[in-house]
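A.B. asks: Got a structure for you, target-v5.txt, holding compact mmCIF, C-alpha atoms.
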```txt
# COMPACT_ATOMS: atom_id res chain seq x y z
CA MET A 1 52.67 25.13 145.49
CA ASP A 2 52.98 21.37 145.40
CA ARG A 3 51.63 19.20 142.67
CA LEU A 4 48.36 18.11 144.29
CA SER A 5 47.33 21.55 145.47
CA ALA A 6 48.10 22.95 142.01
CA GLU A 7 45.88 20.26 140.50
CA ASP A 8 43.13 21.06 142.99
CA SER A 9 43.30 24.76 142.11
CA ILE A 10 43.08 23.99 138.41
CA ARG A 11 40.15 21.64 138.93
CA ALA A 12 38.34 24.22 141.05
CA ALA A 13 38.84 26.92 138.42
CA LEU A 14 37.71 24.56 135.66
CA ALA A 15 34.63 23.63 137.68
CA ARG A 16 33.77 27.33 138.05
CA ASP A 17 34.32 27.77 134.32
CA ASP A 18 36.81 30.44 135.24
CA PRO A 19 39.27 31.60 132.54
CA ALA A 20 41.87 32.08 135.26
CA ALA A 21 42.39 28.35 134.90
CA VAL A 22 44.50 29.10 131.82
CA GLU A 23 47.18 30.80 133.90
CA LEU A 24 47.07 28.08 136.52
CA ILE A 25 47.55 25.46 133.81
CA TRP A 26 50.39 27.52 132.40
CA ASP A 27 52.13 27.77 135.77
CA ARG A 28 51.71 24.06 136.39
CA TYR A 29 52.57 22.62 132.98
CA ALA A 30 54.13 25.11 130.58
CA ARG A 31 57.78 24.68 131.57
CA ASP A 32 57.73 20.88 131.53
CA LEU A 33 55.65 20.81 128.38
CA PHE A 34 58.02 23.21 126.64
CA GLY A 35 61.01 20.97 127.37
CA PHE A 36 59.01 17.93 126.30
CA LEU A 37 57.96 19.60 123.05
CA GLN A 38 61.49 20.82 122.31
CA ALA A 39 62.83 17.32 122.83
CA ALA A 40 60.16 15.77 120.64
CA LEU A 41 60.37 18.34 117.84
CA GLY A 42 64.06 19.25 118.07
CA SER A 43 63.27 22.92 117.57
CA LYS A 44 62.52 25.81 119.90
CA HIS A 45 60.34 27.70 117.43
CA ASP A 46 58.31 24.65 116.52
CA ALA A 47 57.86 23.96 120.23
CA GLU A 48 56.54 27.49 120.74
CA ASP A 49 54.03 27.07 117.93
CA VAL A 50 52.86 23.71 119.19
CA LEU A 51 52.63 25.02 122.78
CA GLN A 52 50.25 27.74 121.64
CA THR A 53 48.12 25.28 119.66
CA LEU A 54 48.19 22.94 122.61
CA PHE A 55 46.85 25.55 125.01
CA ILE A 56 44.03 26.43 122.66
CA ARG A 57 43.21 22.73 122.42
CA ILE A 58 43.24 22.44 126.21
CA VAL A 59 40.90 25.42 126.50
CA ARG A 60 38.49 23.86 124.02
CA LYS A 61 38.49 20.65 126.01
CA HIS A 62 38.48 22.24 129.44
CA ARG A 63 35.24 20.55 130.47
CA HIS A 64 36.71 17.16 129.68
CA LEU A 65 39.88 18.18 131.49
CA ALA A 66 37.86 19.02 134.59
CA LYS A 67 36.56 15.44 134.68
CA ALA A 68 39.87 13.76 133.83
CA ARG A 69 41.16 11.28 136.37
CA SER A 70 44.71 12.53 135.92
CA LEU A 71 45.33 16.06 134.70
CA ASP A 72 48.96 15.28 133.88
CA ALA A 73 48.04 12.30 131.72
CA TYR A 74 45.28 14.22 129.95
CA VAL A 75 47.47 17.23 129.19
CA TYR A 76 50.37 15.08 127.96
CA THR A 77 48.04 12.97 125.82
CA ILE A 78 46.86 16.13 124.06
CA ALA A 79 50.50 17.20 123.75
CA ARG A 80 51.48 13.92 122.12
CA HIS A 81 48.60 14.18 119.66
CA GLU A 82 49.68 17.70 118.78
CA ILE A 83 53.28 16.55 118.33
CA ALA A 84 52.20 13.69 116.07
CA GLY A 85 50.05 16.03 113.97
CA PHE A 86 52.84 18.59 113.71
CA LEU A 87 55.43 16.00 112.71
CA ARG A 88 53.03 14.61 110.11
CA GLN A 89 52.66 18.08 108.61
CA ARG A 90 56.39 18.69 108.74
CA ARG A 91 57.15 15.48 106.87
CA ARG A 92 54.98 16.73 104.00
CA LYS A 93 57.24 19.78 103.65
CA PRO A 94 60.46 18.49 102.09
CA ALA A 95 62.32 21.81 102.42
CA HIS A 96 62.09 21.83 106.23
CA ASP A 97 65.41 21.50 108.06
CA ALA A 98 64.62 20.26 111.55
CA HIS A 99 68.08 20.66 113.06
CA VAL A 100 68.92 24.25 112.27
CA ASP A 101 67.02 25.63 115.25
CA ALA A 102 68.84 25.16 118.59
CA TRP A 103 66.73 24.02 121.52
CA LEU A 104 69.46 23.39 124.07
CA GLU A 105 71.59 26.00 125.81
CA ASN A 106 74.50 25.98 128.24
CA ALA A 107 73.53 25.35 131.82
CA GLU A 108 76.43 27.42 133.17
CA ALA A 109 75.95 31.13 132.63
CA CYS A 110 79.64 31.77 131.97
CA GLY A 111 80.08 28.77 129.73
CA ASP A 112 80.93 29.35 126.13
CA ARG A 113 80.68 25.81 124.84
CA GLY A 114 78.74 25.99 121.65
CA ASP A 115 80.31 22.75 120.45
CA LEU A 116 78.96 20.85 123.44
CA VAL A 117 75.45 22.15 122.84
CA GLU A 118 75.59 21.17 119.20
CA GLU A 119 77.01 17.73 119.89
CA LEU A 120 74.53 16.95 122.66
CA GLN A 121 71.69 18.18 120.53
CA ALA A 122 72.86 16.01 117.63
CA ALA A 123 73.22 13.00 119.95
CA LEU A 124 69.74 13.48 121.42
CA ALA A 125 68.35 13.90 117.92
CA ARG A 126 69.65 10.44 117.05
CA LEU A 127 67.57 8.81 119.77
CA PRO A 128 64.12 7.53 118.92
CA GLN A 129 61.48 10.05 119.96
CA ALA A 130 60.05 7.82 122.68
CA GLN A 131 63.45 7.40 124.35
CA ARG A 132 64.30 11.08 123.96
CA GLU A 133 61.08 12.13 125.71
CA VAL A 134 61.80 9.90 128.69
CA VAL A 135 65.44 11.00 128.94
CA VAL A 136 64.51 14.69 128.82
CA LEU A 137 61.76 14.35 131.44
CA LYS A 138 64.09 12.39 133.72
CA VAL A 139 67.28 14.37 133.30
CA TYR A 140 66.05 17.91 132.73
CA ARG A 141 62.76 17.89 134.63
CA ASP A 142 63.84 15.61 137.48
CA LYS A 143 60.78 13.41 137.21
CA THR A 144 60.79 9.93 138.68
CA PHE A 145 60.10 6.87 136.56
CA ARG A 146 56.72 6.52 138.27
CA GLU A 147 55.75 10.11 137.46
CA ILE A 148 56.83 9.68 133.84
CA ALA A 149 54.89 6.43 133.61
CA GLU A 150 51.73 8.09 134.95
CA THR A 151 52.17 11.15 132.77
CA LEU A 152 52.78 9.27 129.53
CA ARG A 153 50.38 6.42 130.40
CA LEU A 154 53.11 3.82 130.11
CA SER A 155 54.14 0.97 132.35
CA LEU A 156 57.00 1.50 134.77
CA ASN A 157 59.07 -1.17 133.01
CA THR A 158 58.58 0.48 129.62
CA VAL A 159 59.75 3.82 130.96
CA ALA A 160 62.77 2.28 132.68
CA SER A 161 63.77 0.31 129.60
CA ARG A 162 63.36 3.33 127.31
CA TYR A 163 65.54 5.33 129.65
CA ARG A 164 68.16 2.58 129.84
CA TYR A 165 68.33 2.08 126.07
CA GLY A 166 68.42 5.83 125.52
CA MET A 167 71.24 6.35 127.99
CA ASP A 168 73.23 3.42 126.58
CA LYS A 169 72.97 4.88 123.12
CA LEU A 170 73.87 8.35 124.37
CA ARG A 171 76.86 6.96 126.24
CA THR A 172 78.11 5.41 123.00
CA LEU A 173 77.55 8.64 121.12
CA LEU A 174 79.07 10.85 123.82
CA LYS A 175 82.01 8.75 124.96
CA ASP A 176 84.45 11.33 123.70
CA LEU A 177 82.62 14.17 125.42
CA GLY A 178 82.42 12.49 128.82
CA SER A 179 86.17 12.33 129.34
CA MET B 180 75.27 1.40 143.10
CA SER B 181 75.54 -0.93 140.12
CA LYS B 182 77.95 -0.50 137.26
CA THR B 183 75.12 0.40 134.87
CA ASP B 184 73.82 3.13 137.20
CA ASN B 185 77.31 4.55 137.45
CA LYS B 186 77.62 4.70 133.68
CA HIS B 187 74.23 6.38 133.44
CA ARG B 188 75.21 8.85 136.14
CA LYS B 189 78.23 9.92 134.11
CA THR B 190 76.12 10.34 130.99
CA GLU B 191 73.59 12.34 133.01
CA GLU B 192 76.37 14.61 134.23
CA VAL B 193 77.37 15.31 130.64
CA LEU B 194 73.77 15.94 129.69
CA ARG B 195 73.26 18.33 132.60
CA ARG B 196 75.94 20.63 131.24
CA VAL B 197 73.24 21.84 128.89
CA ARG B 198 69.48 22.29 129.32
CA PRO B 199 66.42 22.94 127.16
CA GLN B 200 65.74 26.61 126.53
CA GLU B 201 63.38 28.25 128.99
CA LEU B 202 60.09 29.99 128.35
CA SER B 203 60.12 33.69 127.72
CA ALA B 204 57.71 36.20 129.27
CA GLU B 205 56.55 37.22 125.79
CA LEU B 206 55.64 33.65 124.96
CA LYS B 207 53.62 33.38 128.16
CA ALA B 208 51.74 36.61 127.41
CA LYS B 209 51.06 35.51 123.86
CA VAL B 210 49.92 31.97 124.63
CA VAL B 211 47.85 32.84 127.70
CA GLY B 212 46.23 35.77 125.88
CA THR B 213 45.32 33.59 122.88
CA ALA B 214 44.03 30.83 125.13
CA ARG B 215 41.89 33.27 127.12
CA ASP B 216 40.43 34.65 123.90
CA ALA B 217 39.65 31.12 122.79
CA TRP B 218 38.00 30.48 126.15
CA HIS B 219 35.68 33.47 125.74
CA LYS B 220 34.93 32.77 122.09
CA GLU B 221 34.34 29.10 122.58
CA PRO B 222 30.60 28.33 122.57
CA ALA B 223 29.40 26.41 125.55
CA ASN B 224 29.81 22.85 124.39
CA ILE B 225 28.06 21.28 127.30
CA PRO B 226 28.60 17.51 126.97
CA TRP B 227 24.93 16.51 127.20
CA GLN B 228 24.09 18.92 124.39
CA ILE B 229 26.46 17.26 121.93
CA PRO B 230 24.42 14.07 121.28
CA LEU B 231 21.22 16.13 121.09
CA ARG B 232 22.79 18.39 118.49
CA ARG B 233 23.97 15.38 116.50
CA LEU B 234 20.49 13.87 116.68
CA ALA B 235 18.89 17.10 115.51
CA ALA B 236 21.36 17.42 112.65
CA SER B 237 20.73 13.79 111.59
CA ALA B 238 16.95 14.30 111.69
CA ALA B 239 17.21 17.50 109.64
CA ALA B 240 19.40 15.72 107.07
CA ALA B 241 16.93 12.82 106.86
CA VAL B 242 13.97 15.18 106.34
CA LEU B 243 15.88 17.05 103.66
CA ILE B 244 16.79 13.85 101.79
CA VAL B 245 13.22 12.51 101.89
CA SER B 246 11.80 15.87 100.74
CA LEU B 247 14.25 16.03 97.85
CA ALA B 248 13.38 12.45 96.85
CA ASN B 249 9.65 13.29 96.89
CA LEU B 250 10.24 16.43 94.88
CA TYR B 251 12.29 14.54 92.32
CA GLY B 252 9.58 11.87 92.09
CA ASP B 253 6.88 14.51 91.53
CA CYS B 254 8.93 16.20 88.81
CA ALA B 255 9.54 12.89 87.06
CA SER B 256 5.84 11.95 87.11
CA VAL B 257 4.88 15.36 85.68
CA ARG B 258 7.36 14.95 82.82
CA HIS B 259 6.18 11.42 81.92
CA PRO B 260 2.41 11.27 82.60
CA THR B 261 0.71 7.86 82.37
CA ARG B 262 -1.84 7.60 79.53
CA THR B 263 -4.01 4.96 81.12
CA PRO B 264 -5.07 4.89 84.70
CA MET B 265 -3.09 2.42 86.72
CA ALA B 266 -6.16 1.14 88.59
CA GLY B 267 -9.83 1.98 88.47
CA CYS B 268 -10.99 0.86 91.78
CA ALA B 269 -9.92 -1.38 94.54
CA GLU B 270 -12.23 -4.15 95.70
CA PRO B 271 -11.83 -6.25 98.75
CA CYS B 272 -10.11 -9.48 97.97
CA ASP B 273 -12.29 -12.60 98.30
CA LEU B 274 -10.09 -15.66 98.11
CA ASP B 275 -12.94 -18.18 97.56
CA ALA B 276 -14.39 -16.17 94.69
CA LEU B 277 -10.98 -15.96 93.10
CA MET B 278 -10.52 -19.73 93.44
CA ASN B 279 -13.86 -20.38 91.71
CA VAL B 280 -12.95 -18.15 88.80
CA TYR B 281 -9.48 -19.57 88.31
CA THR B 282 -10.02 -23.23 89.20
CA PRO B 283 -9.94 -24.56 85.59
CA LEU B 284 -6.84 -22.59 84.86
CA VAL B 285 -5.17 -23.79 88.01
CA ARG B 286 -5.99 -27.41 87.18
CA TYR B 287 -4.64 -27.05 83.68
CA MET B 288 -1.46 -25.45 84.96
CA ALA B 289 -1.04 -28.20 87.52
CA ALA B 290 -1.51 -30.90 84.89
CA ALA B 291 0.92 -29.23 82.50
CA GLY B 292 3.49 -28.71 85.16
CA ARG B 293 3.35 -32.22 86.53
CA PRO B 294 6.03 -34.57 85.15
CA ALA B 295 4.66 -37.45 83.02
CA GLN B 296 4.38 -40.76 84.87
CA PRO B 297 6.21 -43.60 83.08
CA CYS B 298 3.82 -46.44 82.11
CA ALA B 299 5.35 -49.93 81.55
CA SER B 300 2.84 -51.19 78.95
CA ALA B 301 3.09 -48.00 76.90
CA LEU B 302 6.86 -48.25 76.96
CA LEU B 303 6.76 -51.88 75.79
CA ASP B 304 4.40 -51.00 72.96
CA HIS B 305 6.65 -48.17 71.92
CA LEU B 306 9.69 -50.48 71.99
CA GLU B 307 7.92 -53.09 69.92
CA ARG B 308 7.01 -50.50 67.31
CA VAL B 309 10.62 -49.34 67.10
CA ARG B 310 11.83 -52.94 66.66
CA GLU B 311 9.27 -53.52 63.92
CA THR B 312 10.42 -50.45 62.08
CA LEU B 313 14.05 -51.53 62.32
CA ARG B 314 13.27 -55.02 60.99
CA GLU B 315 11.42 -53.58 58.03
CA THR B 316 14.30 -51.29 57.26
CA GLU B 317 16.79 -54.18 57.38
CA ARG B 318 14.63 -56.26 55.07
CA SER B 319 14.31 -53.50 52.53
CA GLU B 320 18.08 -52.86 52.60
CA SER B 321 18.96 -56.53 52.13
CA SER B 322 16.64 -56.82 49.08
CA GLU B 323 18.18 -53.76 47.42
CA GLU B 324 21.91 -54.55 47.99
CA PRO B 325 23.53 -56.71 45.20
CA ALA B 326 25.80 -58.94 47.22
CA PRO B 327 27.25 -58.86 50.68
CA VAL B 328 30.79 -57.59 50.60
CA GLU B 329 33.24 -58.71 53.20
CA ARG B 330 34.19 -55.77 55.24
CA LYS B 331 37.79 -55.28 56.02
CA SER B 332 39.13 -53.44 58.99
CA ARG B 333 41.10 -50.34 58.21
CA LEU B 334 43.26 -50.93 61.23
CA PRO B 335 46.77 -52.34 60.63
CA GLY B 336 46.98 -56.11 60.86
CA VAL B 337 47.77 -57.75 64.11
CA PRO B 338 51.13 -59.63 64.00
CA SER B 339 50.70 -63.37 64.10
CA SER B 340 53.04 -63.73 67.00
CA LEU B 341 50.56 -62.05 69.21
CA HIS B 342 47.90 -64.67 68.49
CA SER B 343 50.00 -67.47 69.93
```
Since I need it in another form, could you write the structure as structure tokens?

C.D. replies:
Amino acid sequence: MDRLSAEDSIRAALARDDPAAVELIWDRYARDLFGFLQAALGSKHDAEDVLQTLFIRIVRKHRHLAKARSLDAYVYTIARHEIAGFLRQRRRKPAHDAHVDAWLENAEACGDRGDLVEELQAALARLPQAQREVVVLKVYRDKTFREIAETLRLSLNTVASRYRYGMDKLRTLLKDLGS
Amino acid sequence: MSKTDNKHRKTEEVLRRVRPQELSAELKAKVVGTARDAWHKEPANIPWQIPLRRLAASAAAAVLIVSLANLYGDCASVRHPTRTPMAGCAEPCDLDALMNVYTPLVRYMAAAGRPAQPCASALLDHLERVRETLRETERSESSEEPAPVERKSRLPGVPSSLHS
């Protein structure tokens, strides 16, 4: 199902006030959102918690969602608010260790490169959150700059520059790994 | 392809050796189930009802506040009753009648409040009387004093070189 038809199905279900819209929204957004949340929070478990809260928030605002001009932008705006709220709460807990929980895994099934995962995770963690979000959406979710700009409600130039700065910094951090 | 794109491509290749962890089926069941429950439990917050509800809540709060203020006022007046009646009766106000009653008072108040006009002849008379008094005082002093004494300045003397 392509993007527009998926959006149409979601809008139709929302217009009917049909709870089946929840599954349609899950199928359309959950995977991308989960990667986005993991990148923003640097933790798989935190991302799972925030994803659940996010879906409840979407359900509560489903009538607004039905009228939204762009479903992607609306869903990601809610996601960013949830991320900001979660990070605010996490900063108040001094005992929290954000980097214990792994959120990356090897892409090759046979690969046993735990060091690479750790180093890439540490390198991504050193990027500013805004750059990390763009890099993850571009590299791991194969989104174009235009799609990222529409989703995050940013200008095309902002997205491109965030990506460029992020990649430059990563290249510096990963120069030993690349060889 | 530019040099920068090539560098980024290499970094992307390194990044693609790993990937974010994927969703599990349990997570989907849990999140979708919770969201569906929330959907059914959620009261119908129809957008046009929201301002009406806010208006009703504001009106109820206003009525409550005014009632409490009235109640408090009643309690306070019961605790401290007035001995004398505040007013016996109320008559229609007749402005002309009021003016007739209070005209002398108003005139007096106007005269008292008006600043005194300076009169030249009165001032001259007053000045002359003051001069007369001063002259008499001088005369009486000169008759009582034994002899005029030369007054000397207490200031240090001025050097003679300065006079030239």

A.B. asks: What residues in chain A have any atom no more than 7 Å from chain B when counting all atoms listed in the file, and can you write them as a PyMOL selection string?

C.D. replies: chain A and resi 19+22-23+31+35+52+55-56+59-60+103-107+117+139-140+167+171+178

A.B. asks: Just the number, please: distance in Å from atom CA of A:Lys175 to atom CA of A:Phe145, one decimal.

C.D. replies: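 Computing the Euclidean distance for atom CA of A:Lys175 and atom CA of A:Phe145 yields 24.9 Å.
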
A.B. asks: Which residues come within 12 Å of stretch 85-93 of chain A, counting all atoms listed in the file, excluding same-chain residues fewer than 2 positions away, as a list in words?

C.D. replies: Leu37, Ala40, Leu41, Gly42, Ser43, Asp46, Ala47, Glu48, Asp49, Val50, Leu51, Thr53, Leu54, Ile78, Ala79, Arg80, His81, Glu82, Ile83, Ala95, His96, Asp97, Ala98 and Gln129 of chain A

A.B. asks: Which neighbours of A:Ala123 fall inside 8 Å, counting all atoms listed in the file, when residues of the same chain fewer than 6 positions from it are skipped, and could you give them as a tab-separated table (two decimals) with C-alpha atoms, in the frame of the given file?

C.D. replies:
```tsv
chain	number	residue	atom	x	y	z
A	170	LEU	CA	73.87	8.35	124.37
A	173	LEU	CA	77.55	8.64	121.12
A	174	LEU	CA	79.07	10.85	123.82
```

A.B. asks: Have a look at atom CA of A:Leu71 and atom CA of A:Arg162 and let me know their distance in Å, one decimal.

C.D. replies: 23.3 Å

A.B. asks: Would you please work out which residue, of A:Ala73, A:Leu127, A:Ile148, A:Val136, is nearest to A:Asp168 when using all atoms listed in the file?

C.D. replies: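 Among the listed residues, A:Leu127 lies closest to A:Asp168.
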
A.B. asks: Tell me, as JSON, numbers by chain, which residues lie within 9 Å of A:His62, counting all atoms listed in the file; anything in the same chain fewer than 3 positions away does not count.

C.D. replies: {"A": [14, 17, 57, 58, 59, 65, 66, 67], "B": [218]}

A.B. asks: For atom CA of A:Ala84 and atom CA of A:Ala39, determine how far apart the two atoms are, in Å to one decimal place.

C.D. replies: 13.1 Å

A.B. asks: Using only C-alpha atoms, which residue out of A:Arg16, A:Arg28, A:Arg126, A:Lys169 lies closest to A:Asp72?

C.D. replies: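 Smallest separation from A:Asp72 among the options: A:Arg28.
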
A.B. asks: Identify which of the residues A:His45, A:Arg132, A:Arg164, A:Lys61 lies closest to A:Ala102, counting all atoms listed in the file when measuring atom-to-atom distances.

C.D. replies: A:His45

A.B. asks: Of the candidates A:Thr151, A:Gln131, A:Thr144, A:Thr158, which one gets nearest to A:Ser70 if we count all atoms listed in the file?

C.D. replies: A:Thr151
